[in-house]
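Let me begin by presenting the structure, written as structure tokens, before commenting on it.
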Amino acid sequence: MARLVAIGTEKGLFLATHDGGEWEVSALHFAVKSVYAVAIDTRGGTPRILVGASSAHWGPSVAISSDLGRTWVEPDDPAIVFPEDTGAALERVWQLAPGPADRPEIVYAGTEPSALFRSEDGGRSFSLVRGLWEHPHRPTWEPGGGGQAIHTILPDPRDDGRMVVAMSTGGVYRTADRGETWTPGNAGIRAVHVPDPFPEYGQCVHKVARDGADPDRFYAQVHHGVYRSDDGAASWTSIADPLPGDFGFPIVAHPSRPGTIYNFPMIADMDRFPADHRCRVYRSRDAGASWEPLSAGLPSAPFYPSVLRDAMCVDAGDPAGVYFGAKSGEVFASLDEGDSWTRVAAHLPAVLCVRAAVI
Amino acid sequence: MGAVILLPGVLRPEAAGASRLEVAAPGTVRDVLAEVTARWPRLARRLRDERGELRRYVNLYVDGEECRRMSGLDTPVPDGAEIQIIPSVAGG
């Protein structure tokens, strides 16, 4: 069972492969472009790698490889363009998300400024999802520290018309009608940066994951908290108490095991370092009721870099692979669901996103 | 006679490797960029966003003067002009 890990960094993309021996890391792709979004789409048989890369000078672009990175195709017409009447321009692609398993032509993109785009040709061209762009809340969404962007897109595996998206700061929004209408889903999530601690929307949600076995269960890492929803991302309860800190960026769910989730807790908003200054992933097997630190094979020396919101992922293997990359340019993998870890790469530029697949 | 665009090395792959592009003139920078969009669309979008605005770190000099210091996209491009595209110093 070979594994492919796509590593997006501040200055390019690396592809790491593992086929039973040592990890092999590719040469640099998309040099000096920041790669905030990458997807490995395995729905159509041949794996396709989709990359959202941004040049500080030459702007954003989306490129696709169907040969594991040997060649990249970027269409003459840009894949993602804001329609003229919006008056907006694409700043950056923050998320590329394959759609339903039985619809390999559907791909979603989340962008800065905050917008959702849908492709029906495998990611070669996208259309703006007007229902979210024209939402009356949009003018009041504020940029978080990283910008104002849709950073999370979670299509419902049962129903192409249902989806959850999230942004910082704006919070969680849900649709049940293919994006025509959107409802905020932030009840119970505390906001500390506005006077009302429980507003309808505007929370600084860092990342949301859908449970691998129960599509109505979600987990969220928020600026000040970790939460679970058991009602389709409508309302949330805290699962942060057993953790050593309530701050952090990523949260991911095991691809099939119910209630098994991973995150990389940091101490607090004003103390943004890994808990105890140690490199540890935390795993819960009971949907956040309890958490265990995982450190076998991870650095034992004091560890200070952050793990960003898209820099942790799982693959669909059995056992599942778990992966994360740090701003220090290190990438780690566990091929036994978190019990032990090996270093995949080091000395890369700061890692922005990591995605993995069994190929 | 027209004008000539001089491309930096990093942009030449977007124009089939050419370092010099001959375009129609007289006109304005906007006219020149419209021709670039029609003939070299991938190059054009490296220079401007979908609103038609020059990207922040793209500098475009018409006979040695950066267009933003003149009339921006309405800067005249005379017959025989030399247009240099130079990335500004930015980033880390």
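By convention in this document, the chains of the structure tokens carry letters A, B, ... by their order, each chain's residues are numbered from 1, and ligands are numbered from 1 in the order they are shown.
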Contacts between chain A and chain B, please, where a residue of chain B counts if it comes within 9 Å (with only C-alpha atoms); show its shortest atom pair and distance in Å to one decimal, rows by chain and ascending number, as JSON lines.
{"residue": "B:Trp40", "atom": "CA", "partner": "A:Asp76", "partner_atom": "CA", "distance": 8.6}
{"residue": "B:Pro41", "atom": "CA", "partner": "A:Asp76", "partner_atom": "CA", "distance": 6.1}
{"residue": "B:Arg42", "atom": "CA", "partner": "A:Asp76", "partner_atom": "CA", "distance": 5.5}
{"residue": "B:Arg45", "atom": "CA", "partner": "A:Trp58", "partner_atom": "CA", "distance": 7.7}
{"residue": "B:Arg46", "atom": "CA", "partner": "A:Trp58", "partner_atom": "CA", "distance": 4.3}
{"residue": "B:Leu47", "atom": "CA", "partner": "A:Trp58", "partner_atom": "CA", "distance": 6.2}
{"residue": "B:Arg48", "atom": "CA", "partner": "A:Trp58", "partner_atom": "CA", "distance": 8.2}
{"residue": "B:Asp49", "atom": "CA", "partner": "A:Ala89", "partner_atom": "CA", "distance": 6.1}
{"residue": "B:Glu50", "atom": "CA", "partner": "A:Ala89", "partner_atom": "CA", "distance": 5.7}
{"residue": "B:Arg51", "atom": "CA", "partner": "A:Ala89", "partner_atom": "CA", "distance": 6.3}
{"residue": "B:Arg55", "atom": "CA", "partner": "A:His57", "partner_atom": "CA", "distance": 7.0}
{"residue": "B:Arg56", "atom": "CA", "partner": "A:His57", "partner_atom": "CA", "distance": 7.2}
{"residue": "B:Tyr57", "atom": "CA", "partner": "A:His57", "partner_atom": "CA", "distance": 5.0}
{"residue": "B:Val58", "atom": "CA", "partner": "A:His57", "partner_atom": "CA", "distance": 6.2}
{"residue": "B:Pro87", "atom": "CA", "partner": "A:His57", "partner_atom": "CA", "distance": 6.6}
{"residue": "B:Ser88", "atom": "CA", "partner": "A:His57", "partner_atom": "CA", "distance": 7.8}
{"residue": "B:Ala90", "atom": "CA", "partner": "A:Ala56", "partner_atom": "CA", "distance": 7.8}
{"residue": "B:Gly91", "atom": "CA", "partner": "A:Ala56", "partner_atom": "CA", "distance": 7.2}
Polymer residues at most 12 Å from range 146-151 of chain A, only C-alpha atoms, same-chain spacing of 3 or more positions, as an NGL selection string: :A and (36-38 or 90-97 or 108-117 or 132-133 or 138-143 or 154 or 164-173 or 202 or 204-209 or 249-250 or 308-310 or 352-353)
So that I have them on file, write out the residues from the current selection with C-alpha atoms, as a compact mmCIF listing (two decimals), in the first residue's frame.
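Below is the file that was written, selection38.txt:
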# COMPACT_ATOMS: atom_id res chain seq x y z
CA TYR A 36 -2.19 27.18 0.73
CA ALA A 37 -4.42 24.55 -0.87
CA VAL A 38 -3.78 21.08 -2.21
CA LEU A 90 -9.13 36.39 -6.27
CA GLU A 91 -6.45 36.88 -3.69
CA ARG A 92 -5.71 33.28 -2.80
CA VAL A 93 -7.15 29.76 -2.94
CA TRP A 94 -7.37 28.42 0.60
CA GLN A 95 -9.11 25.13 0.03
CA LEU A 96 -9.65 22.58 -2.73
CA ALA A 97 -12.14 19.89 -1.77
CA TYR A 108 -15.11 22.84 -4.53
CA ALA A 109 -12.76 25.73 -3.83
CA GLY A 110 -12.69 28.12 -0.90
CA THR A 111 -11.09 31.47 -1.51
CA GLU A 112 -9.92 34.76 -0.11
CA PRO A 113 -11.97 36.94 -0.16
CA SER A 114 -14.48 34.60 1.46
CA ALA A 115 -16.26 32.77 -1.32
CA LEU A 116 -17.15 29.27 -2.37
CA PHE A 117 -16.66 28.08 -5.95
CA LEU A 132 -23.07 32.37 -0.09
CA TRP A 133 -21.51 35.38 -1.81
CA ARG A 138 -21.07 38.71 4.18
CA PRO A 139 -20.39 42.45 4.45
CA THR A 140 -19.86 41.99 8.20
CA TRP A 141 -17.50 39.03 8.02
CA GLU A 142 -14.13 40.19 9.25
CA PRO A 143 -10.69 38.95 8.29
CA LEU A 154 -17.17 19.67 3.94
CA VAL A 164 -20.75 22.83 5.70
CA VAL A 165 -18.19 25.61 5.24
CA ALA A 166 -16.23 27.66 7.73
CA MET A 167 -14.17 30.80 7.87
CA SER A 168 -12.23 33.00 10.28
CA THR A 169 -13.90 35.18 11.28
CA GLY A 170 -17.43 34.49 10.22
CA GLY A 171 -17.86 31.01 11.61
CA VAL A 172 -19.69 27.96 10.34
CA TYR A 173 -22.38 28.07 7.63
CA GLY A 202 -18.66 35.87 13.54
CA CYS A 204 -13.16 32.70 14.77
CA VAL A 205 -13.43 29.09 13.68
CA HIS A 206 -10.02 27.73 12.69
CA LYS A 207 -10.96 24.34 11.26
CA VAL A 208 -13.89 21.91 11.16
CA ALA A 209 -13.82 18.15 10.53
CA PHE A 249 -5.47 25.39 14.34
CA PRO A 250 -6.08 21.91 12.90
CA LEU A 308 -1.40 25.47 10.87
CA ARG A 309 -5.05 24.70 10.17
CA ASP A 310 -4.57 22.66 7.00
CA LEU A 352 0.95 25.51 5.15
CA CYS A 353 -1.01 22.41 4.19
Nearest to Met70 in chain B, restricted to only C-alpha atoms and choosing among B:Ile86, B:Ala24, B:Leu43, B:Val29, comes out as B:Val29
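Across B:Ala44, B:Asp79, B:Arg69, B:Gly64, the tightest approach to Leu11 in chain B is made by B:Ala44 when counting only C-alpha atoms.
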Determine which residues of range 172-307 of chain A DSSP labels as strand (DSSP E) from the backbone of this structure, then write them out as a PDB file with N, CA, C and O atoms, in the first residue's frame.
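So the final result, stored in states34.pdb, reads:
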ATOM      1  N   VAL A 172     -19.222  29.123  11.093  1.00  0.00           N
ATOM      2  CA  VAL A 172     -19.690  27.965  10.336  1.00  0.00           C
ATOM      3  C   VAL A 172     -20.996  28.332   9.637  1.00  0.00           C
ATOM      4  O   VAL A 172     -21.868  28.976  10.229  1.00  0.00           O
ATOM      5  N   TYR A 173     -21.129  27.916   8.377  1.00  0.00           N
ATOM      6  CA  TYR A 173     -22.381  28.074   7.628  1.00  0.00           C
ATOM      7  C   TYR A 173     -22.735  26.752   6.981  1.00  0.00           C
ATOM      8  O   TYR A 173     -21.852  25.991   6.572  1.00  0.00           O
ATOM      9  N   ARG A 174     -24.060  26.505   6.872  1.00  0.00           N
ATOM     10  CA  ARG A 174     -24.553  25.234   6.343  1.00  0.00           C
ATOM     11  C   ARG A 174     -25.550  25.508   5.228  1.00  0.00           C
ATOM     12  O   ARG A 174     -26.301  26.484   5.267  1.00  0.00           O
ATOM     13  N   THR A 175     -25.550  24.608   4.245  1.00  0.00           N
ATOM     14  CA  THR A 175     -26.581  24.660   3.213  1.00  0.00           C
ATOM     15  C   THR A 175     -27.177  23.268   3.050  1.00  0.00           C
ATOM     16  O   THR A 175     -26.494  22.263   3.251  1.00  0.00           O
ATOM     17  N   THR A 183     -27.260  28.880   6.339  1.00  0.00           N
ATOM     18  CA  THR A 183     -27.648  29.177   7.717  1.00  0.00           C
ATOM     19  C   THR A 183     -26.413  29.112   8.597  1.00  0.00           C
ATOM     20  O   THR A 183     -25.659  28.135   8.519  1.00  0.00           O
ATOM     21  N   PRO A 184     -26.187  30.129   9.428  1.00  0.00           N
ATOM     22  CA  PRO A 184     -25.039  30.027  10.337  1.00  0.00           C
ATOM     23  C   PRO A 184     -25.235  28.883  11.322  1.00  0.00           C
ATOM     24  O   PRO A 184     -26.366  28.617  11.759  1.00  0.00           O
ATOM     25  N   VAL A 205     -13.551  30.545  13.813  1.00  0.00           N
ATOM     26  CA  VAL A 205     -13.429  29.089  13.681  1.00  0.00           C
ATOM     27  C   VAL A 205     -12.196  28.786  12.844  1.00  0.00           C
ATOM     28  O   VAL A 205     -12.071  29.249  11.711  1.00  0.00           O
ATOM     29  N   HIS A 206     -11.288  27.996  13.398  1.00  0.00           N
ATOM     30  CA  HIS A 206     -10.025  27.733  12.686  1.00  0.00           C
ATOM     31  C   HIS A 206     -10.131  26.552  11.738  1.00  0.00           C
ATOM     32  O   HIS A 206      -9.544  26.568  10.654  1.00  0.00           O
ATOM     33  N   LYS A 207     -10.826  25.496  12.140  1.00  0.00           N
ATOM     34  CA  LYS A 207     -10.964  24.338  11.258  1.00  0.00           C
ATOM     35  C   LYS A 207     -12.106  23.465  11.751  1.00  0.00           C
ATOM     36  O   LYS A 207     -12.329  23.380  12.972  1.00  0.00           O
ATOM     37  N   VAL A 208     -12.797  22.828  10.827  1.00  0.00           N
ATOM     38  CA  VAL A 208     -13.888  21.909  11.164  1.00  0.00           C
ATOM     39  C   VAL A 208     -13.626  20.590  10.445  1.00  0.00           C
ATOM     40  O   VAL A 208     -13.166  20.572   9.296  1.00  0.00           O
ATOM     41  N   ALA A 209     -13.939  19.483  11.133  1.00  0.00           N
ATOM     42  CA  ALA A 209     -13.819  18.152  10.531  1.00  0.00           C
ATOM     43  C   ALA A 209     -15.133  17.404  10.723  1.00  0.00           C
ATOM     44  O   ALA A 209     -15.824  17.591  11.731  1.00  0.00           O
ATOM     45  N   ARG A 210     -15.442  16.565   9.751  1.00  0.00           N
ATOM     46  CA  ARG A 210     -16.638  15.737   9.848  1.00  0.00           C
ATOM     47  C   ARG A 210     -16.229  14.335  10.313  1.00  0.00           C
ATOM     48  O   ARG A 210     -15.242  13.781   9.829  1.00  0.00           O
ATOM     49  N   PHE A 218     -19.648  16.622  13.931  1.00  0.00           N
ATOM     50  CA  PHE A 218     -18.528  17.462  13.507  1.00  0.00           C
ATOM     51  C   PHE A 218     -17.668  17.834  14.711  1.00  0.00           C
ATOM     52  O   PHE A 218     -18.140  17.805  15.862  1.00  0.00           O
ATOM     53  N   TYR A 219     -16.451  18.230  14.409  1.00  0.00           N
ATOM     54  CA  TYR A 219     -15.513  18.704  15.435  1.00  0.00           C
ATOM     55  C   TYR A 219     -14.917  20.024  14.941  1.00  0.00           C
ATOM     56  O   TYR A 219     -14.643  20.180  13.741  1.00  0.00           O
ATOM     57  N   ALA A 220     -14.707  20.947  15.856  1.00  0.00           N
ATOM     58  CA  ALA A 220     -14.189  22.259  15.459  1.00  0.00           C
ATOM     59  C   ALA A 220     -13.069  22.687  16.399  1.00  0.00           C
ATOM     60  O   ALA A 220     -13.203  22.591  17.630  1.00  0.00           O
ATOM     61  N   GLN A 221     -11.970  23.145  15.819  1.00  0.00           N
ATOM     62  CA  GLN A 221     -10.937  23.859  16.573  1.00  0.00           C
ATOM     63  C   GLN A 221     -11.180  25.333  16.342  1.00  0.00           C
ATOM     64  O   GLN A 221     -11.192  25.806  15.198  1.00  0.00           O
ATOM     65  N   VAL A 222     -11.398  26.044  17.417  1.00  0.00           N
ATOM     66  CA  VAL A 222     -11.765  27.452  17.365  1.00  0.00           C
ATOM     67  C   VAL A 222     -10.653  28.255  18.034  1.00  0.00           C
ATOM     68  O   VAL A 222      -9.796  27.696  18.732  1.00  0.00           O
ATOM     69  N   GLY A 225     -11.098  27.429  21.798  1.00  0.00           N
ATOM     70  CA  GLY A 225     -11.861  26.265  22.192  1.00  0.00           C
ATOM     71  C   GLY A 225     -11.862  25.156  21.168  1.00  0.00           C
ATOM     72  O   GLY A 225     -11.435  25.322  20.021  1.00  0.00           O
ATOM     73  N   VAL A 226     -12.315  24.001  21.638  1.00  0.00           N
ATOM     74  CA  VAL A 226     -12.496  22.826  20.787  1.00  0.00           C
ATOM     75  C   VAL A 226     -13.912  22.320  21.055  1.00  0.00           C
ATOM     76  O   VAL A 226     -14.319  22.201  22.222  1.00  0.00           O
ATOM     77  N   TYR A 227     -14.656  22.039  20.001  1.00  0.00           N
ATOM     78  CA  TYR A 227     -16.078  21.753  20.138  1.00  0.00           C
ATOM     79  C   TYR A 227     -16.480  20.536  19.325  1.00  0.00           C
ATOM     80  O   TYR A 227     -15.801  20.152  18.368  1.00  0.00           O
ATOM     81  N   ARG A 228     -17.649  19.969  19.692  1.00  0.00           N
ATOM     82  CA  ARG A 228     -18.255  18.890  18.919  1.00  0.00           C
ATOM     83  C   ARG A 228     -19.713  19.252  18.650  1.00  0.00           C
ATOM     84  O   ARG A 228     -20.386  19.834  19.509  1.00  0.00           O
ATOM     85  N   SER A 229     -20.175  18.906  17.486  1.00  0.00           N
ATOM     86  CA  SER A 229     -21.593  19.039  17.152  1.00  0.00           C
ATOM     87  C   SER A 229     -22.142  17.666  16.822  1.00  0.00           C
ATOM     88  O   SER A 229     -21.533  16.914  16.051  1.00  0.00           O
ATOM     89  N   THR A 237     -20.905  21.751  21.605  1.00  0.00           N
ATOM     90  CA  THR A 237     -20.546  21.684  23.023  1.00  0.00           C
ATOM     91  C   THR A 237     -19.030  21.528  23.124  1.00  0.00           C
ATOM     92  O   THR A 237     -18.397  20.909  22.267  1.00  0.00           O
ATOM     93  N   SER A 238     -18.478  22.061  24.201  1.00  0.00           N
ATOM     94  CA  SER A 238     -17.019  22.059  24.350  1.00  0.00           C
ATOM     95  C   SER A 238     -16.492  20.656  24.632  1.00  0.00           C
ATOM     96  O   SER A 238     -17.067  19.902  25.423  1.00  0.00           O
ATOM     97  N   ILE A 251      -7.874  20.321  13.177  1.00  0.00           N
ATOM     98  CA  ILE A 251      -8.541  19.184  13.796  1.00  0.00           C
ATOM     99  C   ILE A 251      -8.942  18.262  12.651  1.00  0.00           C
ATOM    100  O   ILE A 251      -9.429  18.725  11.616  1.00  0.00           O
ATOM    101  N   VAL A 252      -8.660  16.982  12.805  1.00  0.00           N
ATOM    102  CA  VAL A 252      -8.995  16.035  11.743  1.00  0.00           C
ATOM    103  C   VAL A 252      -9.656  14.812  12.360  1.00  0.00           C
ATOM    104  O   VAL A 252      -9.444  14.489  13.533  1.00  0.00           O
ATOM    105  N   ALA A 253     -10.448  14.136  11.547  1.00  0.00           N
ATOM    106  CA  ALA A 253     -11.183  12.952  12.000  1.00  0.00           C
ATOM    107  C   ALA A 253     -10.681  11.726  11.246  1.00  0.00           C
ATOM    108  O   ALA A 253     -10.357  11.798  10.054  1.00  0.00           O
ATOM    109  N   ILE A 261     -10.472  11.289  16.655  1.00  0.00           N
ATOM    110  CA  ILE A 261     -10.054  12.585  16.126  1.00  0.00           C
ATOM    111  C   ILE A 261      -8.657  12.941  16.634  1.00  0.00           C
ATOM    112  O   ILE A 261      -8.185  12.373  17.616  1.00  0.00           O
ATOM    113  N   TYR A 262      -8.039  13.895  15.938  1.00  0.00           N
ATOM    114  CA  TYR A 262      -6.673  14.309  16.248  1.00  0.00           C
ATOM    115  C   TYR A 262      -6.597  15.833  16.240  1.00  0.00           C
ATOM    116  O   TYR A 262      -7.233  16.483  15.398  1.00  0.00           O
ATOM    117  N   ASN A 263      -5.807  16.387  17.142  1.00  0.00           N
ATOM    118  CA  ASN A 263      -5.448  17.794  16.994  1.00  0.00           C
ATOM    119  C   ASN A 263      -4.083  18.059  17.625  1.00  0.00           C
ATOM    120  O   ASN A 263      -3.439  17.161  18.154  1.00  0.00           O
ATOM    121  N   MET A 266      -2.422  23.981  21.370  1.00  0.00           N
ATOM    122  CA  MET A 266      -1.470  24.994  21.804  1.00  0.00           C
ATOM    123  C   MET A 266      -2.003  25.584  23.098  1.00  0.00           C
ATOM    124  O   MET A 266      -3.159  25.369  23.475  1.00  0.00           O
ATOM    125  N   ILE A 267      -1.161  26.322  23.788  1.00  0.00           N
ATOM    126  CA  ILE A 267      -1.489  26.659  25.168  1.00  0.00           C
ATOM    127  C   ILE A 267      -2.669  27.620  25.222  1.00  0.00           C
ATOM    128  O   ILE A 267      -3.683  27.365  25.887  1.00  0.00           O
ATOM    129  N   ALA A 268      -2.579  28.729  24.508  1.00  0.00           N
ATOM    130  CA  ALA A 268      -3.628  29.744  24.568  1.00  0.00           C
ATOM    131  C   ALA A 268      -3.375  30.781  23.497  1.00  0.00           C
ATOM    132  O   ALA A 268      -2.278  30.847  22.920  1.00  0.00           O
ATOM    133  N   ASP A 271      -0.450  32.692  24.227  1.00  0.00           N
ATOM    134  CA  ASP A 271       0.723  31.853  24.506  1.00  0.00           C
ATOM    135  C   ASP A 271       0.763  30.767  23.429  1.00  0.00           C
ATOM    136  O   ASP A 271       0.596  29.586  23.696  1.00  0.00           O
ATOM    137  N   ARG A 272       0.991  31.225  22.229  1.00  0.00           N
ATOM    138  CA  ARG A 272       0.792  30.356  21.057  1.00  0.00           C
ATOM    139  C   ARG A 272       1.962  29.424  20.809  1.00  0.00           C
ATOM    140  O   ARG A 272       2.697  29.548  19.829  1.00  0.00           O
ATOM    141  N   PHE A 273       2.086  28.479  21.708  1.00  0.00           N
ATOM    142  CA  PHE A 273       3.114  27.459  21.573  1.00  0.00           C
ATOM    143  C   PHE A 273       2.495  26.097  21.856  1.00  0.00           C
ATOM    144  O   PHE A 273       1.498  26.005  22.577  1.00  0.00           O
ATOM    145  N   PRO A 274       3.097  25.051  21.305  1.00  0.00           N
ATOM    146  CA  PRO A 274       2.574  23.718  21.625  1.00  0.00           C
ATOM    147  C   PRO A 274       2.537  23.507  23.137  1.00  0.00           C
ATOM    148  O   PRO A 274       3.417  23.980  23.865  1.00  0.00           O
ATOM    149  N   VAL A 281       0.876  15.193  19.307  1.00  0.00           N
ATOM    150  CA  VAL A 281      -0.477  15.153  18.762  1.00  0.00           C
ATOM    151  C   VAL A 281      -1.382  14.586  19.848  1.00  0.00           C
ATOM    152  O   VAL A 281      -0.974  13.693  20.591  1.00  0.00           O
ATOM    153  N   TYR A 282      -2.579  15.117  19.934  1.00  0.00           N
ATOM    154  CA  TYR A 282      -3.549  14.551  20.877  1.00  0.00           C
ATOM    155  C   TYR A 282      -4.627  13.806  20.102  1.00  0.00           C
ATOM    156  O   TYR A 282      -5.117  14.295  19.084  1.00  0.00           O
ATOM    157  N   ARG A 283      -4.964  12.622  20.612  1.00  0.00           N
ATOM    158  CA  ARG A 283      -5.975  11.781  19.962  1.00  0.00           C
ATOM    159  C   ARG A 283      -7.110  11.499  20.944  1.00  0.00           C
ATOM    160  O   ARG A 283      -6.874  11.236  22.126  1.00  0.00           O
ATOM    161  N   SER A 284      -8.311  11.564  20.443  1.00  0.00           N
ATOM    162  CA  SER A 284      -9.468  11.126  21.217  1.00  0.00           C
ATOM    163  C   SER A 284     -10.127   9.978  20.467  1.00  0.00           C
ATOM    164  O   SER A 284     -10.265  10.019  19.243  1.00  0.00           O
ATOM    165  N   GLU A 292      -5.610  11.658  24.592  1.00  0.00           N
ATOM    166  CA  GLU A 292      -4.307  11.098  24.986  1.00  0.00           C
ATOM    167  C   GLU A 292      -3.222  11.742  24.135  1.00  0.00           C
ATOM    168  O   GLU A 292      -3.385  11.927  22.927  1.00  0.00           O
ATOM    169  N   PRO A 293      -2.100  12.097  24.759  1.00  0.00           N
ATOM    170  CA  PRO A 293      -0.985  12.646  23.983  1.00  0.00           C
ATOM    171  C   PRO A 293      -0.239  11.534  23.262  1.00  0.00           C
ATOM    172  O   PRO A 293      -0.067  10.439  23.799  1.00  0.00           O
ATOM    173  N   LEU A 294       0.179  11.827  22.048  1.00  0.00           N
ATOM    174  CA  LEU A 294       0.929  10.875  21.229  1.00  0.00           C
ATOM    175  C   LEU A 294       2.281  11.499  20.916  1.00  0.00           C
ATOM    176  O   LEU A 294       2.336  12.592  20.340  1.00  0.00           O
TER     177      LEU A 294
END
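Between Gly80 in chain B and the residues B:Val10, B:Arg39, B:Val62, B:Gly17, the shortest atom-to-atom distance, using only C-alpha atoms, involves B:Val62.
Residues within 10 Å of Glu66 in chain B, counting only C-alpha atoms and excluding same-chain residues fewer than 6 positions away, are B:Asn59, B:Leu60, B:Gly72, B:Thr75, B:Ile83, B:Gln84, B:Ile85, B:Ile86.
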C-alpha atoms of the current selection, written as a compact mmCIF listing (two decimals), in the first residue's frame:
# COMPACT_ATOMS: atom_id res chain seq x y z
CA ASN B 59 5.80 47.52 -12.29
CA LEU B 60 5.32 48.57 -15.90
CA GLY B 72 -1.73 54.44 -14.78
CA THR B 75 -0.66 56.33 -19.79
CA ILE B 83 7.60 48.85 -22.26
CA GLN B 84 9.55 47.09 -19.53
CA ILE B 85 7.81 44.79 -17.07
CA ILE B 86 9.86 44.50 -13.89
Determine the nearest neighbour of Trp291 in chain A from the options A:Pro242, A:Gly21, A:Gly8, A:Gly212, counting only C-alpha atoms. A:Pro242
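Of the residues in range 18-69 of chain B, those given alpha helix (DSSP H) by DSSP on the backbone are Val29, Arg30, Asp31, Val32, Leu33, Ala34, Glu35, Val36, Thr37, Ala38, Arg39, Pro41, Arg42, Leu43, Ala44, Arg45, Arg46 and Leu47 of chain B.
Minimum atom-to-atom distance to Ala81 in chain B, evaluated using only C-alpha atoms, belongs to B:Tyr61 out of B:Gly52, B:Tyr61, B:Thr37, B:Pro8.
The smallest atom-to-atom distance between Thr71 in chain A and any of A:Asp102, A:Ala39, A:Phe30, A:Arg178, using only C-alpha atoms, is found for A:Phe30.
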